[in-house]
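**Q** Sharing model08.csv below, CSV, C-alpha atoms:
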chain,number,residue,atom,x,y,z
A,1,MET,CA,-57.7,-10.2,280.2
A,2,ARG,CA,-60.9,-10.8,278.2
A,3,GLY,CA,-63.3,-7.9,278.0
A,4,ALA,CA,-60.6,-5.4,279.0
A,5,ASN,CA,-59.9,-2.2,277.1
A,6,PRO,CA,-57.4,-3.3,274.4
A,7,VAL,CA,-55.3,-0.2,275.1
A,8,THR,CA,-54.9,0.9,278.8
A,9,PRO,CA,-53.8,4.5,278.9
A,10,ARG,CA,-50.3,4.5,280.2
A,11,VAL,CA,-48.4,7.4,281.8
A,12,LEU,CA,-44.7,7.3,282.3
A,13,ILE,CA,-43.2,8.8,285.5
A,14,VAL,CA,-39.4,8.8,286.2
A,15,SER,CA,-38.5,7.8,289.8
A,16,ARG,CA,-36.5,9.8,292.2
A,17,ARG,CA,-33.9,8.1,294.5
A,18,THR,CA,-33.1,8.4,298.1
A,19,VAL,CA,-30.9,6.5,300.6
A,20,ARG,CA,-32.7,4.1,302.9
A,21,LYS,CA,-30.8,1.7,305.2
A,22,GLY,CA,-27.5,2.4,303.5
A,23,LYS,CA,-28.7,1.9,299.9
A,24,TYR,CA,-30.4,3.7,297.1
A,25,VAL,CA,-34.2,3.3,296.8
A,26,ASP,CA,-36.2,4.6,293.9
A,27,PHE,CA,-39.7,6.1,294.6
A,28,VAL,CA,-42.6,8.2,293.3
A,29,GLY,CA,-44.9,10.0,295.6
A,30,GLU,CA,-48.3,8.3,296.0
A,31,PHE,CA,-50.3,11.6,295.5
A,32,HIS,CA,-49.3,11.6,291.8
A,33,LEU,CA,-50.0,7.9,291.4
A,34,ASN,CA,-53.4,8.1,293.1
A,35,LEU,CA,-54.6,10.9,290.9
A,36,VAL,CA,-53.4,9.3,287.6
A,37,LEU,CA,-55.3,6.1,288.6
A,38,GLU,CA,-58.3,8.0,289.8
A,39,TYR,CA,-58.9,9.4,286.4
A,40,GLY,CA,-58.4,6.2,284.5
A,41,ALA,CA,-54.8,5.9,283.4
A,42,VAL,CA,-52.1,3.6,284.8
A,43,PRO,CA,-48.8,5.1,286.0
A,44,VAL,CA,-45.7,3.3,284.7
A,45,ILE,CA,-42.6,4.1,286.8
A,46,VAL,CA,-39.3,4.4,284.8
A,47,PRO,CA,-36.4,3.8,287.3
A,48,ARG,CA,-33.7,6.4,287.1
A,49,VAL,CA,-30.9,3.9,286.9
A,50,GLU,CA,-27.8,4.2,284.7
A,51,GLY,CA,-28.4,2.9,281.2
A,52,ILE,CA,-32.2,2.7,281.3
A,53,GLU,CA,-32.3,5.3,278.4
A,54,LYS,CA,-31.1,2.4,276.1
A,55,HIS,CA,-34.2,0.4,276.9
A,56,LEU,CA,-37.0,2.9,276.6
A,57,GLU,CA,-38.7,0.8,274.0
A,58,ALA,CA,-39.5,-1.6,276.8
A,59,PHE,CA,-42.0,1.0,278.2
A,60,GLU,CA,-44.0,1.2,275.0
A,61,PRO,CA,-46.7,1.9,274.4
A,62,PHE,CA,-47.1,5.0,276.5
A,63,HIS,CA,-49.6,7.8,276.0
A,64,GLY,CA,-48.4,10.6,278.3
A,65,LEU,CA,-45.6,11.8,280.5
A,66,LEU,CA,-45.8,13.1,284.1
A,67,LEU,CA,-42.7,14.9,285.5
A,68,VAL,CA,-42.5,15.4,289.2
A,69,GLU,CA,-40.3,16.6,292.0
A,70,GLY,CA,-36.6,15.9,292.6
A,71,GLU,CA,-33.1,17.4,293.0
A,72,ASP,CA,-31.9,20.6,291.4
A,73,VAL,CA,-31.6,20.6,287.6
A,74,GLN,CA,-27.9,20.8,286.6
A,75,PRO,CA,-27.0,24.4,285.8
A,76,GLU,CA,-24.9,23.3,282.9
A,77,SER,CA,-28.1,22.2,281.1
A,78,TYR,CA,-29.2,25.8,280.8
A,79,ASN,CA,-25.8,27.3,280.2
A,80,SER,CA,-25.3,28.5,283.8
A,81,ASP,CA,-23.0,27.8,286.7
A,82,TYR,CA,-22.7,28.8,290.3
A,83,SER,CA,-20.7,32.0,289.5
A,84,THR,CA,-23.8,34.1,290.2
A,85,LEU,CA,-23.5,33.1,293.9
A,86,THR,CA,-20.6,33.9,296.2
A,87,PRO,CA,-18.9,30.9,297.9
A,88,HIS,CA,-20.6,32.0,301.1
A,89,GLU,CA,-24.0,32.2,299.5
A,90,ARG,CA,-23.6,28.8,297.8
A,91,ALA,CA,-22.5,27.1,301.1
A,92,LYS,CA,-25.5,28.6,302.8
A,93,VAL,CA,-27.9,27.3,300.2
A,94,GLN,CA,-26.4,23.9,300.2
A,95,ALA,CA,-26.6,23.7,304.0
A,96,LYS,CA,-30.3,24.8,304.0
A,97,PHE,CA,-31.3,22.5,301.1
A,98,SER,CA,-28.9,19.6,301.5
A,99,GLY,CA,-31.0,17.0,299.8
A,100,ASP,CA,-32.3,19.2,297.0
A,101,THR,CA,-29.1,21.0,296.0
A,102,LEU,CA,-27.6,17.7,294.9
A,103,VAL,CA,-27.9,17.1,291.2
A,104,ASP,CA,-28.9,13.9,289.4
A,105,PRO,CA,-27.5,13.8,285.9
A,106,VAL,CA,-29.0,10.5,285.1
A,107,LYS,CA,-32.5,11.7,286.0
A,108,ASP,CA,-32.0,15.0,284.1
A,109,LYS,CA,-30.9,13.2,281.0
A,110,LEU,CA,-33.7,10.6,281.1
A,111,GLU,CA,-36.4,13.1,281.7
A,112,MET,CA,-35.2,15.5,279.0
A,113,GLU,CA,-35.1,12.6,276.5
A,114,LEU,CA,-38.7,11.6,277.4
A,115,VAL,CA,-39.8,15.2,277.1
A,116,ARG,CA,-38.5,15.4,273.6
A,117,ILE,CA,-40.0,12.0,272.6
A,118,SER,CA,-43.4,12.9,274.1
A,119,VAL,CA,-43.6,16.4,272.5
A,120,GLU,CA,-42.4,15.1,269.2
A,121,ARG,CA,-45.2,12.5,269.2
A,122,GLY,CA,-47.8,15.0,270.3
A,123,LEU,CA,-48.4,13.2,273.7
A,124,PRO,CA,-49.7,15.0,276.8
A,125,VAL,CA,-47.1,16.3,279.3
A,126,LEU,CA,-47.8,17.4,282.9
A,127,ALA,CA,-44.8,18.8,284.7
A,128,ILE,CA,-44.9,19.5,288.5
A,129,CYS,CA,-42.3,21.4,290.6
A,130,ARG,CA,-38.8,20.3,289.3
A,131,GLY,CA,-40.6,18.8,286.3
A,132,SER,CA,-41.8,22.3,285.2
A,133,GLN,CA,-38.1,23.4,285.4
A,134,ILE,CA,-37.0,20.5,283.3
A,135,LEU,CA,-39.6,21.2,280.6
A,136,ASN,CA,-38.7,24.9,280.5
A,137,VAL,CA,-35.0,24.1,280.2
A,138,VAL,CA,-35.5,21.6,277.3
A,139,TYR,CA,-37.2,24.4,275.2
A,140,GLY,CA,-34.7,27.1,275.9
A,141,GLY,CA,-35.7,28.6,279.3
A,142,ASP,CA,-33.4,29.0,282.3
A,143,LEU,CA,-33.6,29.0,286.1
A,144,TYR,CA,-32.7,31.0,289.2
A,145,LEU,CA,-30.1,29.0,291.2
A,146,ASP,CA,-31.6,30.2,294.5
A,147,LEU,CA,-34.7,32.4,294.7
A,148,GLU,CA,-34.0,34.1,298.1
A,149,THR,CA,-30.4,35.0,297.0
A,150,GLU,CA,-31.3,36.2,293.5
A,151,LEU,CA,-34.9,37.3,293.7
A,152,GLY,CA,-35.3,38.3,297.4
A,153,ASP,CA,-37.6,37.1,300.2
A,154,LYS,CA,-40.8,38.9,299.3
A,155,VAL,CA,-42.5,35.5,298.9
A,156,VAL,CA,-41.7,32.4,301.0
A,157,HIS,CA,-41.6,29.6,298.4
A,158,TYR,CA,-40.8,26.9,301.0
A,159,ASN,CA,-41.3,26.3,304.7
A,160,THR,CA,-39.1,23.6,306.2
A,161,ASP,CA,-41.2,23.5,309.3
A,162,ASN,CA,-44.5,23.1,307.5
A,163,TYR,CA,-43.7,21.2,304.3
A,164,ASP,CA,-47.2,20.3,303.1
A,165,GLY,CA,-49.2,22.9,305.0
A,166,HIS,CA,-47.3,26.0,303.6
A,167,ARG,CA,-49.3,28.2,301.2
A,168,HIS,CA,-48.4,31.4,299.3
A,169,PRO,CA,-50.5,33.5,297.0
A,170,ILE,CA,-50.4,33.4,293.2
A,171,HIS,CA,-52.0,35.7,290.6
A,172,ILE,CA,-53.8,33.7,288.0
A,173,GLN,CA,-53.5,35.0,284.4
A,174,ARG,CA,-56.8,35.7,282.6
A,175,GLU,CA,-58.1,33.5,279.8
A,176,THR,CA,-55.9,30.6,280.7
A,177,PRO,CA,-56.7,27.0,281.7
A,178,LEU,CA,-55.8,27.8,285.3
A,179,GLU,CA,-58.4,30.5,285.4
A,180,ASP,CA,-60.9,28.0,284.1
A,181,TRP,CA,-60.0,25.5,286.8
A,182,PHE,CA,-60.0,27.8,289.8
A,183,GLY,CA,-62.6,30.3,288.5
A,184,THR,CA,-60.8,33.2,290.2
A,185,SER,CA,-57.8,35.5,289.7
A,186,GLU,CA,-56.1,34.6,293.1
A,187,ALA,CA,-55.3,31.4,294.8
A,188,LEU,CA,-53.2,30.1,297.7
A,189,VAL,CA,-50.9,27.2,296.7
A,190,ASN,CA,-48.4,24.9,298.2
A,191,SER,CA,-44.8,25.0,297.1
A,192,TYR,CA,-41.4,23.8,298.2
A,193,HIS,CA,-38.5,24.9,296.0
A,194,HIS,CA,-35.5,27.2,296.1
A,195,CYS,CA,-34.9,27.3,292.4
A,196,GLY,CA,-37.4,28.6,289.9
A,197,ILE,CA,-38.0,29.8,286.4
A,198,LYS,CA,-36.0,32.9,285.5
A,199,ASN,CA,-36.7,33.2,281.8
A,200,LEU,CA,-39.7,31.3,280.4
A,201,ALA,CA,-39.1,29.4,277.1
A,202,PRO,CA,-40.6,31.3,274.1
A,203,ARG,CA,-43.2,28.7,273.3
A,204,PHE,CA,-44.8,28.9,276.7
A,205,ARG,CA,-47.3,31.4,278.2
A,206,PRO,CA,-47.6,32.0,282.0
A,207,LEU,CA,-50.6,30.6,283.8
A,208,ALA,CA,-49.8,32.2,287.1
A,209,LEU,CA,-47.3,34.5,288.8
A,210,ALA,CA,-46.2,34.8,292.4
A,211,PRO,CA,-46.3,38.3,293.9
A,212,ASP,CA,-42.5,38.5,293.4
A,213,GLY,CA,-43.0,37.9,289.7
A,214,LEU,CA,-41.9,34.3,289.6
A,215,VAL,CA,-43.7,32.1,287.1
A,216,GLU,CA,-45.7,29.6,289.1
A,217,GLY,CA,-47.4,27.9,286.1
A,218,TYR,CA,-47.3,27.9,282.3
A,219,TYR,CA,-48.6,26.1,279.3
A,220,ASP,CA,-48.1,25.8,275.5
A,221,PRO,CA,-51.2,27.5,274.0
A,222,LYS,CA,-50.5,25.8,270.6
A,223,CYS,CA,-50.5,22.4,272.3
A,224,TYR,CA,-53.6,22.7,274.5
A,225,ASP,CA,-56.7,21.0,273.2
A,226,ILE,CA,-58.0,18.3,275.5
A,227,SER,CA,-60.5,16.9,272.9
A,228,ALA,CA,-57.5,16.4,270.5
A,229,GLY,CA,-55.3,14.9,273.1
A,230,GLN,CA,-53.0,18.0,273.3
A,231,PHE,CA,-51.8,19.1,276.7
A,232,ILE,CA,-48.5,20.6,277.8
A,233,VAL,CA,-48.6,22.3,281.2
A,234,GLY,CA,-46.0,23.1,283.8
A,235,LEU,CA,-46.8,23.9,287.4
A,236,GLN,CA,-44.1,25.1,289.9
A,237,PHE,CA,-46.6,24.7,292.8
A,238,HIS,CA,-47.9,21.4,294.1
A,239,PRO,CA,-51.7,20.9,293.5
A,240,GLU,CA,-51.5,17.3,294.6
A,241,ARG,CA,-50.2,18.3,298.1
A,242,MET,CA,-53.0,20.8,298.7
A,243,GLN,CA,-55.0,18.3,300.8
A,244,ASP,CA,-55.5,17.1,304.3
A,245,ILE,CA,-52.3,15.2,305.0
A,246,GLU,CA,-53.6,13.5,308.1
A,247,ALA,CA,-56.6,12.1,306.3
A,248,HIS,CA,-54.2,10.8,303.6
A,249,LEU,CA,-51.9,9.0,306.2
A,250,ALA,CA,-55.0,7.5,307.8
A,251,ASP,CA,-56.1,6.1,304.3
A,252,GLU,CA,-59.2,8.3,304.4
A,253,PRO,CA,-60.8,9.9,301.3
A,254,ALA,CA,-58.8,12.9,300.1
A,255,VAL,CA,-59.9,16.3,301.2
A,256,PHE,CA,-58.5,19.0,298.9
A,257,ASP,CA,-58.3,22.8,299.5
A,258,HIS,CA,-60.2,23.4,296.3
A,259,PRO,CA,-61.7,21.1,293.6
A,260,ALA,CA,-59.4,22.8,291.1
A,261,CYS,CA,-56.4,21.1,292.8
A,262,LYS,CA,-57.3,17.9,290.9
A,263,ALA,CA,-58.1,19.6,287.6
A,264,PRO,CA,-54.6,19.4,286.1
A,265,TYR,CA,-54.5,15.6,286.6
A,266,ARG,CA,-58.1,15.2,285.4
A,267,GLU,CA,-57.5,17.2,282.2
A,268,PHE,CA,-54.1,15.6,281.6
A,269,VAL,CA,-55.4,12.1,281.9
A,270,THR,CA,-58.4,13.0,279.7
A,271,ALA,CA,-55.9,14.0,277.0
A,272,VAL,CA,-53.9,10.8,277.6
A,273,LYS,CA,-57.1,8.7,277.0
A,274,VAL,CA,-57.6,10.5,273.7
A,275,CYS,CA,-54.1,9.6,272.6
A,276,ALA,CA,-54.5,6.0,273.8
A,277,ASN,CA,-57.7,5.6,271.7
A,278,VAL,CA,-56.0,7.2,268.7
A,279,ALA,CA,-53.1,4.8,269.1
A,280,MET,CA,-55.5,1.8,269.4
A,281,GLU,CA,-57.4,2.8,266.3
A,282,HIS,CA,-54.2,3.2,264.3
A,283,GLU,CA,-52.9,-0.1,265.6
A,284,LEU,CA,-56.1,-2.0,264.9
A,285,GLU,CA,-56.4,-0.6,261.4
A,286,THR,CA,-52.9,-1.7,260.6
A,287,LEU,CA,-53.5,-5.0,262.3
A,288,VAL,CA,-56.6,-5.8,260.3
A,289,ASP,CA,-54.9,-4.7,257.0
A,290,SER,CA,-51.8,-6.7,257.8
A,291,ILE,CA,-52.9,-10.1,258.9
A,292,GLY,CA,-56.2,-10.8,257.2
A,293,PHE,CA,-59.0,-12.9,258.7
A,294,ASN,CA,-58.6,-16.2,256.8
A,295,ARG,CA,-55.0,-17.1,257.5
A,296,PRO,CA,-54.1,-19.8,260.1
A,297,PRO,CA,-52.8,-18.4,263.4
A,298,LEU,CA,-49.1,-18.9,262.8
A,299,GLN,CA,-49.4,-17.1,259.4
A,300,ARG,CA,-51.2,-14.3,261.2
A,301,VAL,CA,-48.4,-13.9,263.6
A,302,LYS,CA,-45.8,-14.0,260.9
A,303,ALA,CA,-47.7,-11.4,258.9
A,304,LEU,CA,-47.9,-9.1,262.0
A,305,ASN,CA,-44.2,-9.5,262.8
A,306,GLY,CA,-43.4,-8.8,259.2
A,307,ARG,CA,-44.9,-5.4,259.5
A,308,GLY,CA,-42.7,-4.6,262.6
A,309,TYR,CA,-45.2,-5.2,265.3
A,310,ALA,CA,-44.5,-6.9,268.7
A,311,SER,CA,-46.9,-8.1,271.3
A,312,HIS,CA,-46.5,-5.0,273.5
A,313,HIS,CA,-48.0,-2.7,270.9
A,314,GLY,CA,-51.5,-1.2,271.3
A,315,ALA,CA,-54.4,-3.4,270.2
A,316,THR,CA,-52.3,-6.6,270.2
A,317,SER,CA,-51.3,-6.1,273.9
A,318,ALA,CA,-54.7,-7.6,274.9
A,319,ILE,CA,-55.0,-10.1,272.0
A,320,SER,CA,-52.7,-13.1,271.5
A,321,LEU,CA,-53.1,-14.1,267.9
A,322,LEU,CA,-52.5,-17.7,268.9
A,323,GLU,CA,-55.0,-18.0,271.7
A,324,PRO,CA,-58.5,-19.5,271.2
A,325,GLY,CA,-61.1,-16.9,270.1
A,326,ALA,CA,-58.5,-14.4,269.0
A,327,LEU,CA,-60.1,-14.1,265.5
A,328,VAL,CA,-63.5,-13.3,267.0
A,329,ARG,CA,-62.0,-10.7,269.3
A,330,VAL,CA,-60.1,-8.9,266.5
A,331,ARG,CA,-63.3,-8.9,264.5
A,332,ASP,CA,-65.1,-7.5,267.4
A,333,LEU,CA,-62.6,-4.7,267.7
A,334,LYS,CA,-62.8,-4.0,264.0
A,335,GLU,CA,-66.6,-3.8,264.2
A,336,LYS,CA,-66.2,-1.1,267.0
A,337,LEU,CA,-63.7,0.8,264.9
A,338,ASP,CA,-65.9,0.6,261.7
A,339,TYR,CA,-68.9,1.6,263.8
A,340,GLU,CA,-67.0,4.6,265.1
A,341,ARG,CA,-66.3,5.6,261.5
A,342,GLY,CA,-69.8,5.1,260.3
A,343,MET,CA,-69.1,1.9,258.3
A,344,ASP,CA,-71.5,-1.0,258.0
A,345,LEU,CA,-69.5,-4.1,258.8
A,346,ARG,CA,-71.6,-6.4,256.5
A,347,THR,CA,-71.5,-4.2,253.4
A,348,GLY,CA,-68.4,-2.1,254.0
A,349,ARG,CA,-70.3,1.0,253.0
A,350,LYS,CA,-70.9,4.3,254.8
A,351,ARG,CA,-74.1,4.4,256.8
A,352,GLN,CA,-76.0,7.2,258.5
A,353,LEU,CA,-75.6,7.2,262.3
A,354,LEU,CA,-77.9,8.8,264.7
A,355,SER,CA,-75.3,8.4,267.5
A,356,THR,CA,-71.8,7.0,267.6
A,357,PRO,CA,-70.7,4.8,270.5
A,358,ALA,CA,-67.3,5.5,271.9
A,359,ILE,CA,-64.7,2.8,271.9
A,360,ALA,CA,-64.4,1.7,275.5
Could I get this file's structure written as structure tokens?
**A**
Amino acid sequence: MRGANPVTPRVLIVSRRTVRKGKYVDFVGEFHLNLVLEYGAVPVIVPRVEGIEKHLEAFEPFHGLLLVEGEDVQPESYNSDYSTLTPHERAKVQAKFSGDTLVDPVKDKLEMELVRISVERGLPVLAICRGSQILNVVYGGDLYLDLETELGDKVVHYNTDNYDGHRHPIHIQRETPLEDWFGTSEALVNSYHHCGIKNLAPRFRPLALAPDGLVEGYYDPKCYDISAGQFIVGLQFHPERMQDIEAHLADEPAVFDHPACKAPYREFVTAVKVCANVAMEHELETLVDSIGFNRPPLQRVKALNGRGYASHHGATSAISLLEPGALVRVRDLKEKLDYERGMDLRTGRKRQLLSTPAIA
């Protein structure tokens, strides 16, 4: 589309499946999708179907990963089993959480692989509910199989009669992003989970604790710099659900408990945008160096493909090298990039800038 941002920030989200009318249906809750879109990124849903992990390149480029709710994480993935629960306790838990106590090995494997890829590339990761458990397990943490059985009932972490309206207190840790967002040391949050973090992976630091000591949020302090596109945060509670549900179902504007409820998504997407712009600059730099401006269109395509690029990569995603005006558009992008770096397009020399326009 002409005039569009050459790199749209893209956030991957793995679907969850349920049974509807006698068949499996994949879905992602709209609260997550709405917030990602609101702050300027596009959610890209990865279906949790068998074999999809062999085709992850089809979802490139992506610039961030959002992990959300779902079934219990397989205990085997954190070197555990159900031996800590008696047969009676396990049957009781399974009866109470019949949908959640199922496991989904396909979703587990897919999300764990995407976590590794994202963190290795330095891409932002926001993990909510089950997602925070997956992220913790990938980096060496483990989980309680059932909070009420193993930790007690001091805190109610779920309410089957008031799914979205339930709130419980958390203690926010000082000098953390969560304190910056809420501006207080206490908050009431929504949660619905019977598993939880038992031992936090060594790389992470708590953001908040429930009164029973359960980790309700954490982050990686060495990978948290929004201006540099660094963001790794896990939240056991649901900030996206802390809103007026009736207003949502009536398609009215969202009314949240606290402005901070949207902050994790805002900061996450801001970091995603940084990564998208960096990817675009790198792509454009390589594009300009690779194809030259004076070659015929077909030679430009051959030169680009010879360097290992395909049409789905970064800057080329919005520019067909064969279409009319492509050369002008590449030059326009190059001019923006050179301007960003303080280069004079006509002379190729550094120039003094009073202000630097951001790449849209």
**Q** For the atom pair CA of Leu145 in chain A and CA of Gly22 in chain A, what is the interatomic distance in Å to one decimal place?
**A**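 CA of Gly22 in chain A lies 29.4 Å from CA of Leu145 in chain A.
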**Q** Check the smallest atom-to-atom distance from each of A:Asp153, A:Glu252, A:Glu246, A:Asp108 to Ala210 in chain A using only C-alpha atoms, then report the winner.
**A**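 Answer, going by the shortest atom-to-atom distance: A:Asp153.
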**Q** So that I can check the surroundings of Leu209 in chain A, please list as a VMD selection string every protein, DNA and RNA residue that reaches within 12 Å of it, counting all atoms listed in the file and ignoring chain neighbours fewer than 3 positions away.
**A** chain A and resid 155 168 to 174 178 185 to 189 196 to 198 200 205 to 206 212 to 218 235 to 237
**Q** Excluding same-chain residues fewer than 5 positions from Ser132 in chain A, what lies within 12 Å of it counting only C-alpha atoms, as a ChimeraX atom specification?
**A** /A:66-70,72-73,111-112,115,125-127,137-139,141-143,193,195-197,200-201,204,206,215-219,232-238
**Q** Rounded to one decimal place, report the CA of Glu148 in chain A-CA of Tyr82 in chain A distance in Å.
**A** 14.7 Å
**Q** Hey, can you check how far CA of Ile13 in chain A sits from CA of Gln230 in chain A?
**A**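 Separation of CA of Ile13 in chain A and CA of Gln230 in chain A: 18.2 Å.
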**Q** Here is a test: counting all atoms listed in the file, which residue of A:Lys154, A:Arg48, A:His63, A:His258 is nearest to Pro211 in chain A?
**A**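 When distances to Pro211 in chain A are compared using all atoms listed in the file, the smallest one comes from A:Lys154.
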**Q** Asn34 in chain A: which residues within 12 Å, counting all atoms listed in the file, same-chain residues fewer than 4 positions away excluded, as a list in words?
**A** Val28, Gly29, Glu30, Glu38, Tyr39, Gly40, Ala41, Val42, Pro43, Glu240, Arg241, His248, Asp251, Pro253, Ala254, Lys262, Tyr265 and Arg266 of chain A
**Q** Could you check which of A:Thr184, A:Tyr144, A:Phe59, A:Pro239 is closest to Cys129 in chain A, using only C-alpha atoms?
**A** A:Pro239
**Q** Return the single residue from A:Trp181, A:Glu71, A:Phe231, A:Thr8 that is closest to Gln94 in chain A, with distances computed using only C-alpha atoms.
**A**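 Nearest to Gln94 in chain A: A:Glu71.
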**Q** In terms of the shortest atom-to-atom distance over only C-alpha atoms, which of A:Asn159, A:Gln243, A:Ser15, A:Ser227 is closest to Thr270 in chain A?
**A**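 Closest to Thr270 in chain A, using only C-alpha atoms: A:Ser227.
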**Q** Quick one: of A:Ala228, A:Leu123, A:Cys261, A:Leu135, who's nearest to Pro61 in chain A, counting all atoms listed in the file?
**A**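 Looking only at the distances to Pro61 in chain A, the closest residue turns out to be A:Leu123.
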